[in-house]
>>> print(open('upload_4.txt').read())   # compact mmCIF, C-alpha atoms and all ligand atoms
# COMPACT_ATOMS: atom_id res chain seq x y z
CA MET V 1 8.58 -4.08 82.82
CA ALA V 2 9.60 -0.49 82.51
CA ARG V 3 8.49 3.06 82.99
CA VAL V 4 8.54 5.14 79.82
CA GLU V 5 9.08 8.85 79.60
CA VAL V 6 8.68 10.86 76.42
CA LYS V 7 10.24 14.29 76.95
CA ASN V 8 9.71 17.28 74.63
CA VAL V 9 9.79 15.07 71.56
CA THR V 10 9.49 16.65 68.12
CA LYS V 11 9.69 14.66 64.89
CA THR V 12 9.74 16.21 61.45
CA PHE V 13 9.87 14.56 58.03
CA GLY V 14 11.17 17.31 55.74
CA LYS V 15 8.61 20.07 56.13
CA VAL V 16 6.00 17.85 57.79
CA VAL V 17 5.85 18.22 61.57
CA ALA V 18 4.58 14.76 62.61
CA LEU V 19 4.99 15.42 66.36
CA SER V 20 5.43 18.70 68.11
CA ASN V 21 6.92 18.92 71.60
CA VAL V 22 5.21 15.83 72.98
CA SER V 23 5.71 14.92 76.66
CA PHE V 24 4.10 12.28 78.85
CA SER V 25 5.07 9.35 81.00
CA ILE V 26 3.82 5.80 81.43
CA GLY V 27 3.99 3.94 84.74
CA ASN V 28 5.26 0.41 85.32
CA GLY V 29 2.70 -2.08 84.05
CA GLU V 30 0.38 0.62 82.79
CA PHE V 31 -1.73 0.22 79.63
CA VAL V 32 -1.69 3.48 77.67
CA VAL V 33 -3.60 4.04 74.45
CA LEU V 34 -2.46 6.61 71.87
CA LEU V 35 -5.72 7.81 70.31
CA GLY V 36 -6.16 10.23 67.44
CA PRO V 37 -7.46 10.61 63.89
CA SER V 38 -5.48 9.58 60.82
CA GLY V 39 -2.26 11.59 60.53
CA SER V 40 -2.25 12.76 64.16
CA GLY V 41 1.16 11.19 64.81
CA LYS V 42 0.27 7.99 66.71
CA THR V 43 2.39 5.61 64.65
CA THR V 44 5.30 8.03 64.54
CA LEU V 45 5.21 8.24 68.34
CA MET V 46 5.12 4.47 68.69
CA TYR V 47 8.02 4.04 66.25
CA LEU V 48 10.01 6.58 68.26
CA ILE V 49 9.40 4.55 71.43
CA ALA V 50 10.40 1.35 69.60
CA GLY V 51 13.54 3.06 68.28
CA ILE V 52 12.57 2.59 64.61
CA TYR V 53 12.65 6.42 64.30
CA LYS V 54 14.89 8.88 66.08
CA PRO V 55 13.40 12.13 67.36
CA THR V 56 14.39 15.38 65.64
CA SER V 57 14.66 16.77 69.16
CA GLY V 58 13.76 15.59 72.65
CA GLN V 59 14.46 12.41 74.58
CA ILE V 60 12.95 9.05 75.45
CA PHE V 61 13.68 7.26 78.73
CA PHE V 62 13.01 3.66 79.80
CA ASP V 63 13.11 3.71 83.57
CA ASP V 64 15.70 6.40 84.08
CA VAL V 65 17.91 5.40 81.17
CA ASP V 66 18.04 7.67 78.12
CA VAL V 67 17.33 5.32 75.18
CA THR V 68 17.02 8.06 72.54
CA ASN V 69 20.08 6.82 70.67
CA ILE V 70 19.74 3.11 71.40
CA PRO V 71 18.80 0.99 68.34
CA PRO V 72 15.51 -1.01 68.35
CA LYS V 73 17.15 -4.41 68.84
CA ASP V 74 18.73 -3.27 72.10
CA ARG V 75 15.58 -1.70 73.54
CA ASN V 76 13.82 -4.99 74.19
CA VAL V 77 10.34 -3.97 73.08
CA GLY V 78 7.77 -6.38 71.62
CA LEU V 79 5.73 -5.21 68.63
CA VAL V 80 2.30 -6.46 67.58
CA PHE V 81 1.22 -5.12 64.19
CA GLN V 82 -2.08 -4.57 62.43
CA ASN V 83 -1.78 -7.49 60.02
CA TRP V 84 0.04 -9.71 62.58
CA ALA V 85 2.77 -10.06 59.93
CA LEU V 86 3.10 -13.79 60.53
CA TYR V 87 5.48 -15.54 58.14
CA PRO V 88 3.19 -17.64 55.89
CA HIS V 89 5.82 -20.27 55.07
CA MET V 90 6.63 -20.93 58.73
CA LYS V 91 4.62 -23.04 61.14
CA VAL V 92 3.30 -21.43 64.33
CA TYR V 93 6.24 -22.82 66.32
CA GLU V 94 8.81 -21.27 63.98
CA ASN V 95 6.89 -17.99 63.86
CA ILE V 96 6.97 -17.68 67.63
CA ALA V 97 10.58 -18.88 67.83
CA PHE V 98 11.79 -16.47 65.15
CA PRO V 99 12.95 -13.54 67.38
CA LEU V 100 15.00 -16.00 69.47
CA THR V 101 16.40 -17.78 66.39
CA LEU V 102 17.57 -14.38 65.15
CA LYS V 103 19.30 -13.80 68.46
CA LYS V 104 20.99 -17.23 68.10
CA VAL V 105 19.54 -18.52 71.36
CA LYS V 106 20.24 -22.26 71.95
CA PRO V 107 17.53 -24.57 70.45
CA GLN V 108 16.73 -26.17 73.80
CA GLN V 109 16.15 -22.77 75.39
CA ILE V 110 14.05 -21.67 72.41
CA ARG V 111 11.88 -24.76 72.81
CA GLU V 112 11.27 -24.04 76.50
CA LYS V 113 10.36 -20.41 75.89
CA VAL V 114 8.05 -21.13 72.95
CA LEU V 115 6.21 -23.79 74.94
CA GLN V 116 5.90 -21.48 77.91
CA VAL V 117 4.32 -18.55 76.03
CA SER V 118 2.16 -20.76 73.85
CA GLN V 119 0.74 -22.52 76.91
CA MET V 120 0.07 -19.17 78.51
CA LEU V 121 -1.81 -17.97 75.41
CA GLN V 122 -3.48 -21.36 74.95
CA ILE V 123 -2.10 -21.94 71.48
CA ASP V 124 0.17 -24.88 72.36
CA GLN V 125 -2.14 -27.21 70.37
CA LEU V 126 -1.54 -25.13 67.23
CA LEU V 127 2.26 -25.13 67.03
CA ASP V 128 2.31 -27.50 64.06
CA ARG V 129 -0.06 -25.48 61.89
CA TYR V 130 0.61 -22.84 59.28
CA PRO V 131 -0.87 -19.33 59.77
CA TRP V 132 -3.47 -19.91 57.04
CA GLN V 133 -4.83 -22.83 59.07
CA LEU V 134 -5.73 -20.50 61.98
CA SER V 135 -8.67 -18.22 62.73
CA GLY V 136 -8.08 -14.46 62.93
CA GLY V 137 -8.17 -14.54 66.73
CA GLN V 138 -5.65 -17.42 66.85
CA GLN V 139 -3.32 -15.60 64.45
CA GLN V 140 -3.50 -12.59 66.70
CA ARG V 141 -2.49 -14.69 69.71
CA VAL V 142 0.45 -16.13 67.76
CA ALA V 143 1.55 -12.57 66.96
CA ILE V 144 1.35 -11.67 70.65
CA ALA V 145 3.25 -14.84 71.57
CA ARG V 146 5.99 -13.88 69.13
CA ALA V 147 6.18 -10.42 70.70
CA LEU V 148 6.27 -11.88 74.21
CA VAL V 149 8.81 -14.66 73.65
CA LYS V 150 11.81 -12.38 74.09
CA GLU V 151 10.36 -11.17 77.39
CA PRO V 152 10.15 -7.54 76.34
CA ARG V 153 10.11 -4.72 78.86
CA ILE V 154 7.42 -2.96 76.86
CA LEU V 155 4.74 -4.25 74.52
CA LEU V 156 3.64 -2.06 71.61
CA PHE V 157 0.41 -2.65 69.68
CA ASP V 158 -0.20 -0.90 66.34
CA GLU V 159 -3.94 -1.04 65.57
CA PRO V 160 -3.93 -4.80 66.22
CA LEU V 161 -7.68 -5.27 65.71
CA SER V 162 -8.32 -3.32 62.52
CA ASN V 163 -8.31 -6.38 60.26
CA LEU V 164 -10.82 -8.36 62.32
CA ASP V 165 -14.58 -8.47 61.87
CA ALA V 166 -16.72 -6.62 64.43
CA LEU V 167 -17.54 -9.56 66.71
CA LEU V 168 -14.03 -11.00 66.79
CA ARG V 169 -12.72 -7.52 67.47
CA LEU V 170 -14.76 -7.32 70.68
CA ASN V 171 -13.53 -10.73 71.84
CA VAL V 172 -9.88 -10.17 71.04
CA ARG V 173 -10.04 -6.72 72.62
CA ALA V 174 -11.20 -8.26 75.89
CA GLU V 175 -8.47 -10.92 75.63
CA ILE V 176 -5.72 -8.34 75.13
CA LYS V 177 -6.97 -6.42 78.14
CA LYS V 178 -7.04 -9.55 80.31
CA LEU V 179 -3.59 -10.66 79.14
CA GLN V 180 -2.08 -7.25 79.79
CA LYS V 181 -3.51 -7.21 83.31
CA ASP V 182 -2.29 -10.77 84.01
CA LEU V 183 1.24 -10.12 82.72
CA LYS V 184 1.38 -6.58 84.15
CA ILE V 185 3.58 -5.61 81.22
CA THR V 186 3.89 -1.91 80.35
CA SER V 187 1.91 -1.57 77.10
CA ILE V 188 1.31 1.11 74.51
CA TYR V 189 -1.54 0.63 72.07
CA VAL V 190 -2.25 2.75 68.98
CA THR V 191 -5.77 3.16 67.66
CA HIS V 192 -8.03 5.69 65.93
CA ASP V 193 -11.09 3.93 67.38
CA GLN V 194 -12.37 5.85 70.40
CA ALA V 195 -14.56 2.98 71.64
CA GLU V 196 -11.55 0.66 71.66
CA ALA V 197 -9.50 3.23 73.58
CA LEU V 198 -12.24 3.77 76.19
CA ALA V 199 -12.66 0.01 76.66
CA ILE V 200 -9.06 -1.05 76.97
CA ALA V 201 -6.93 1.79 78.39
CA ASP V 202 -5.76 2.61 81.88
CA ARG V 203 -5.01 6.05 80.45
CA ILE V 204 -5.56 7.63 77.04
CA VAL V 205 -3.21 10.08 75.33
CA VAL V 206 -5.33 12.00 72.81
CA LEU V 207 -3.34 13.32 69.84
CA ASN V 208 -4.33 15.79 67.17
CA ASN V 209 -2.07 17.38 64.55
CA GLY V 210 1.06 16.01 66.23
CA ARG V 211 0.22 17.46 69.63
CA VAL V 212 -1.05 15.96 72.87
CA VAL V 213 -4.51 17.43 73.46
CA GLN V 214 -5.41 15.57 76.65
CA ILE V 215 -4.12 12.78 78.88
CA GLY V 216 -6.37 11.03 81.35
CA THR V 217 -8.28 7.92 82.36
CA PRO V 218 -11.11 6.92 79.99
CA GLU V 219 -13.59 8.31 82.54
CA GLU V 220 -11.79 11.67 82.70
CA VAL V 221 -11.42 12.26 78.98
CA TYR V 222 -15.01 11.18 78.36
CA ALA V 223 -16.64 13.21 81.15
CA LYS V 224 -14.39 16.28 81.06
CA PRO V 225 -12.88 16.75 77.60
CA ASN V 226 -10.57 19.76 77.86
CA HIS V 227 -11.03 20.72 74.21
CA THR V 228 -13.89 20.67 71.69
CA PHE V 229 -11.74 18.33 69.59
CA VAL V 230 -11.79 15.69 72.35
CA ALA V 231 -15.50 16.25 73.06
CA SER V 232 -16.38 15.66 69.43
CA PHE V 233 -13.95 12.74 68.97
CA LEU V 234 -15.05 10.54 71.88
CA GLY V 235 -18.46 8.93 72.19
CA ASN V 236 -20.86 7.44 69.68
CA PRO V 237 -22.59 9.70 68.88
CA PRO V 238 -20.04 12.22 70.21
CA ALA V 239 -20.80 15.24 72.41
CA ASN V 240 -23.04 17.96 70.99
CA LEU V 241 -21.39 21.33 70.44
CA LEU V 242 -23.86 24.22 70.18
CA GLU V 243 -23.11 27.89 69.63
CA ALA V 244 -24.45 29.88 72.57
CA LYS V 245 -24.50 33.48 73.76
CA LEU V 246 -24.49 35.05 77.19
CA ASN V 247 -26.89 37.97 77.60
CA ILE V 248 -25.37 40.16 80.26
CA ASP V 249 -28.67 42.06 80.88
CA ASP V 250 -30.88 39.14 81.87
CA ARG V 251 -27.96 36.81 82.83
CA MET V 252 -29.35 34.12 80.58
CA ILE V 253 -27.64 31.84 78.09
CA TYR V 254 -29.25 31.80 74.66
CA ILE V 255 -29.13 29.03 72.10
CA GLY V 256 -31.00 30.66 69.24
CA ASP V 257 -34.16 31.94 70.93
CA SER V 258 -34.12 29.35 73.73
CA LYS V 259 -33.33 30.91 77.10
CA LEU V 260 -31.35 28.87 79.64
CA ASN V 261 -30.83 29.79 83.25
CA TYR V 262 -27.71 28.08 84.60
CA ALA V 263 -26.04 28.64 87.95
CA PHE V 264 -22.61 28.88 86.31
CA VAL V 265 -23.60 32.08 84.48
CA GLU V 266 -21.76 34.14 87.13
CA SER V 267 -18.44 32.37 86.49
CA LEU V 268 -19.03 32.66 82.77
CA THR V 269 -19.59 36.41 83.08
CA GLN V 270 -16.13 36.70 84.63
CA THR V 271 -14.43 35.13 81.62
CA GLY V 272 -15.44 38.20 79.62
CA GLN V 273 -16.68 35.97 76.79
CA ARG V 274 -20.14 36.58 75.39
CA GLU V 275 -20.13 33.91 72.70
CA PHE V 276 -18.97 30.38 73.35
CA VAL V 277 -19.64 26.71 72.67
CA LEU V 278 -22.01 24.82 74.97
CA ALA V 279 -21.46 21.04 74.99
CA PHE V 280 -23.26 18.03 76.40
CA ARG V 281 -23.38 14.30 75.77
CA PRO V 282 -26.37 12.87 73.85
CA GLU V 283 -27.21 10.56 76.77
CA HIS V 284 -27.38 13.47 79.24
CA ALA V 285 -30.31 15.31 77.65
CA VAL V 286 -34.01 14.73 78.30
CA ILE V 287 -36.60 15.32 75.60
CA SER V 288 -40.10 16.40 76.55
CA SER V 289 -43.01 17.05 74.22
CA GLU V 290 -44.56 19.59 76.65
CA TYR V 291 -43.10 23.07 77.17
CA LYS V 292 -40.42 23.06 79.84
CA GLU V 293 -38.48 26.05 81.21
CA ASN V 294 -34.70 26.18 80.67
CA SER V 295 -34.96 23.91 77.67
CA ILE V 296 -33.81 24.09 74.11
CA ARG V 297 -36.86 24.38 71.87
CA SER V 298 -36.15 22.04 68.95
CA THR V 299 -37.71 20.17 66.07
CA VAL V 300 -37.30 16.41 65.68
CA TYR V 301 -35.41 15.73 62.46
CA THR V 302 -35.00 11.93 62.48
CA VAL V 303 -35.37 9.04 64.90
CA GLU V 304 -33.05 6.02 64.53
CA PRO V 305 -33.88 2.92 66.60
CA MET V 306 -30.67 1.13 67.61
CA GLY V 307 -32.08 -2.01 69.24
CA ARG V 308 -31.43 -1.00 72.86
CA GLU V 309 -32.11 2.73 72.53
CA GLN V 310 -32.80 5.34 69.87
CA ILE V 311 -30.78 8.24 68.49
CA VAL V 312 -32.90 11.35 67.96
CA THR V 313 -31.48 14.04 65.69
CA LEU V 314 -32.85 17.51 66.43
CA GLN V 315 -32.64 20.96 64.97
CA THR V 316 -32.72 24.26 66.80
CA ASN V 317 -32.33 27.55 64.93
CA GLY V 318 -30.25 25.91 62.24
CA GLN V 319 -28.04 23.90 64.62
CA ILE V 320 -28.20 20.11 64.57
CA PHE V 321 -27.64 17.92 67.63
CA LYS V 322 -28.37 14.40 68.90
CA VAL V 323 -30.01 12.90 71.96
CA VAL V 324 -30.09 9.24 72.96
CA THR V 325 -33.40 8.19 74.54
CA SER V 326 -35.33 5.10 75.44
CA LEU V 327 -37.21 3.34 72.63
CA GLU V 328 -40.42 3.90 74.58
CA GLN V 329 -40.35 7.63 73.92
CA LYS V 330 -42.44 8.02 70.76
CA LEU V 331 -41.31 10.96 68.65
CA GLN V 332 -42.26 12.03 65.13
CA PRO V 333 -40.12 13.94 62.62
CA GLY V 334 -41.32 17.55 62.49
CA GLN V 335 -42.58 17.49 66.09
CA THR V 336 -41.66 20.42 68.39
CA VAL V 337 -39.95 19.28 71.61
CA TYR V 338 -38.08 20.78 74.60
CA VAL V 339 -34.63 19.45 75.43
CA PHE V 340 -33.36 19.79 78.99
CA VAL V 341 -29.76 19.33 80.15
CA SER V 342 -28.94 19.79 83.82
CA SER V 343 -26.16 22.25 84.58
CA ASP V 344 -23.75 19.61 85.95
CA LYS V 345 -23.76 17.90 82.54
CA VAL V 346 -22.95 21.06 80.58
CA LEU V 347 -19.41 22.00 79.54
CA ILE V 348 -18.42 25.40 78.16
CA TYR V 349 -15.66 25.98 75.60
CA ASP V 350 -13.95 29.00 74.12
CA LYS V 351 -15.40 29.62 70.67
CA SER V 352 -12.13 30.45 68.95
CA SER V 353 -9.50 28.29 70.72
CA GLY V 354 -11.77 25.33 71.56
CA GLN V 355 -10.31 25.18 75.10
CA ARG V 356 -12.64 24.38 77.98
CA LEU V 357 -13.65 27.41 80.05
CA LEU V 358 -15.99 25.71 82.57
P1 LIG V 401 -2.85 6.69 60.78
O1 LIG V 401 -3.94 6.47 61.80
O2 LIG V 401 -3.40 7.08 59.46
O3 LIG V 401 -1.84 5.59 60.75
P2 LIG V 401 -1.10 8.28 62.48
O4 LIG V 401 -1.82 9.04 63.54
O5 LIG V 401 -0.42 7.03 62.86
O6 LIG V 401 -2.07 8.03 61.25
P3 LIG V 401 1.48 9.08 61.48
O7 LIG V 401 1.63 7.93 60.56
O8 LIG V 401 2.29 9.08 62.72
O9 LIG V 401 -0.05 9.31 61.85
O10 LIG V 401 1.80 10.41 60.64
C1 LIG V 401 1.83 11.71 61.21
C2 LIG V 401 2.18 12.71 60.12
O11 LIG V 401 3.51 12.50 59.68
C3 LIG V 401 1.32 12.62 58.87
O12 LIG V 401 1.12 13.91 58.38
C4 LIG V 401 2.16 11.78 57.94
O13 LIG V 401 1.85 12.09 56.59
C5 LIG V 401 3.56 12.20 58.30
N1 LIG V 401 4.54 11.11 58.09
C6 LIG V 401 4.59 9.94 58.77
N2 LIG V 401 5.62 9.20 58.36
C7 LIG V 401 6.26 9.89 57.39
C8 LIG V 401 7.41 9.67 56.57
N3 LIG V 401 8.13 8.55 56.69
N4 LIG V 401 7.74 10.63 55.68
C9 LIG V 401 7.02 11.77 55.57
N5 LIG V 401 5.93 12.05 56.32
C10 LIG V 401 5.56 11.14 57.22
>>> encode(input="upload_4.txt", output="structure tokens")
Amino acid sequence: MARVEVKNVTKTFGKVVALSNVSFSIGNGEFVVLLGPSGSGKTTLMYLIAGIYKPTSGQIFFDDVDVTNIPPKDRNVGLVFQNWALYPHMKVYENIAFPLTLKKVKPQQIREKVLQVSQMLQIDQLLDRYPWQLSGGQQQRVAIARALVKEPRILLFDEPLSNLDALLRLNVRAEIKKLQKDLKITSIYVTHDQAEALAIADRIVVLNNGRVVQIGTPEEVYAKPNHTFVASFLGNPPANLLEAKLNIDDRMIYIGDSKLNYAFVESLTQTGQREFVLAFRPEHAVISSEYKENSIRSTVYTVEPMGREQIVTLQTNGQIFKVVTSLEQKLQPGQTVYVFVSSDKVLIYDKSSGQRLL
């Protein structure tokens, strides 16, 4: 187990800036997810931690040791890849043993270690099979066993679930979380799937365009996104972002012609901004078919039943947004409704920078 510190790391490939001045640290035994859209720099960051890439500038520490110039084989990290990358011509036993065979560990010792990890992962009955004779979930466990057999200080996962079908993905996700908690091994997990990140992480590092946008627990980044990018990236459907104006004369917030009276107007006045983005989560709004004060007058656009709840898409003065409601609420496309969001569920962002103001 190790603490990891990434300090002012920049990585460029020719003219492409893959990572720009990235800093964060990971505690002993912590499970950190690197989350971001395609091209945000997640894999580059993981490869830098593994030692496969060297930073253009900045440093990486394991515990308090600077490993920036230490090659991958001497860093003692275990890697679990997207496609498991099991060797098809080798049986499960040889696949798991491979990292130790490479290190020329004595056969008797290899045998002990392979048996130990395969018992722990409950794949000791499968050691005589070839990868093609295993289910996707079993192959994934073999890949984890192979990463664990050299007793790494850090475990790195690169989108390990992306090749699994939806149901298996949920099961394996839960298994990885349980295993990580049991082993208490410092782990870094790359994904572009926000639901996966929310479900599995102790903390999430949100990346966009090679920069860290926010670091926090799943609860923190979900409830208090510090940037419109994070608000619109997390959640399914994600947070609604509506253009709003502050009218300094009547101290009201306007979304189109809907007038909202929120207690935070005073603090907003002090920011000097008159136009901003008002955000809220789809599950935090209440739709009513009767007129209601302090509500956004809207028209129902579509209603999508989802089994447990429904997603209602609404339109207000040309802006589209979504609300999740109970299936019992009967709504018709074209119907005029009033959408209420209580002030403690509203977040306010700067219109040009996207940074959170309130
Ligand atoms: P994905 O989810 O698609 O895997 P990612 O978040 O892992 O994306 P990276 O693969 O880290 O993103 O890439 C970050 C940026 O760096 C991208 O613009 C990518 O094109 C660029 N990049 C990555 N590797 C190289 C390379 N070897 N040579 C040139 N550019 C690269």
>>> residues_near_ligand(input="upload_4.txt", ligand="ligand LIG 401 (chain V)", cutoff="9 Å", atoms="only C-alpha atoms and all ligand atoms", output="ChimeraX atom specification")
/V:11-19,34-47,158-159,190-192,207-210
>>> residues_around(input="upload_4.txt", residues="Val346 in chain V", least_positions_apart="5", cutoff="7 Å", atoms="only C-alpha atoms", output="ChimeraX atom specification")
/V:278-280
>>> atom_distance(input="upload_4.txt", atom1="CA of Asp74 in chain V", atom2="CA of Gln140 in chain V")
24.7 Å
>>> atom_distance(input="upload_4.txt", atom1="CA of Tyr189 in chain V", atom2="CA of Ile110 in chain V")
27.2 Å
>>> residues_around(input="upload_4.txt", residues="Phe24 in chain V", least_positions_apart="2", cutoff="8 Å", atoms="all atoms listed in the file", output="ChimeraX atom specification")
/V:5-7,22,26
>>> atom_distance(input="upload_4.txt", atom1="CA of Arg308 in chain V", atom2="CA of Asp202 in chain V")
27.4 Å
>>> closest_residue(input="upload_4.txt", among="V:Met1, V:Ala195, V:Ile123, V:Leu260", to="Gly235 in chain V", atoms="only C-alpha atoms")
V:Ala195
>>> residues_around(input="upload_4.txt", residues="Pro282 in chain V", least_positions_apart="3", cutoff="12 Å", atoms="only C-alpha atoms", output="ChimeraX atom specification")
/V:231-232,234-241,279,285-287,309-314,320-326,339-341,345-346
>>> closest_atom_pairs(input="upload_4.txt", of="range 78-108 of chain V", to="range 50-69 of chain V", cutoff="12 Å", atoms="all atoms listed in the file", output="JSON lines")
{"residue": "V:Gly78", "atom": "CA", "partner": "V:Ala50", "partner_atom": "CA", "distance": 8.4}
{"residue": "V:Leu79", "atom": "CA", "partner": "V:Ala50", "partner_atom": "CA", "distance": 8.1}
{"residue": "V:Val80", "atom": "CA", "partner": "V:Ala50", "partner_atom": "CA", "distance": 11.4}
>>> closest_residue(input="upload_4.txt", among="V:Pro218, V:Lys73, V:His89, V:Arg146", to="Gln116 in chain V", atoms="all atoms listed in the file")
V:Arg146
>>> closest_residue(input="upload_4.txt", among="V:Asp257, V:Ser343, V:Leu134, V:Leu358", to="Gln270 in chain V", atoms="all atoms listed in the file")
V:Leu358
>>> residues_around(input="upload_4.txt", residues="Glu112 in chain V", least_positions_apart="6", cutoff="12 Å", atoms="only C-alpha atoms", output="list in words")
Tyr93, Ile96, Ala97, Leu100, Val105, Lys106, Ser118, Gln119, Asp124, Val149 and Lys150 of chain V
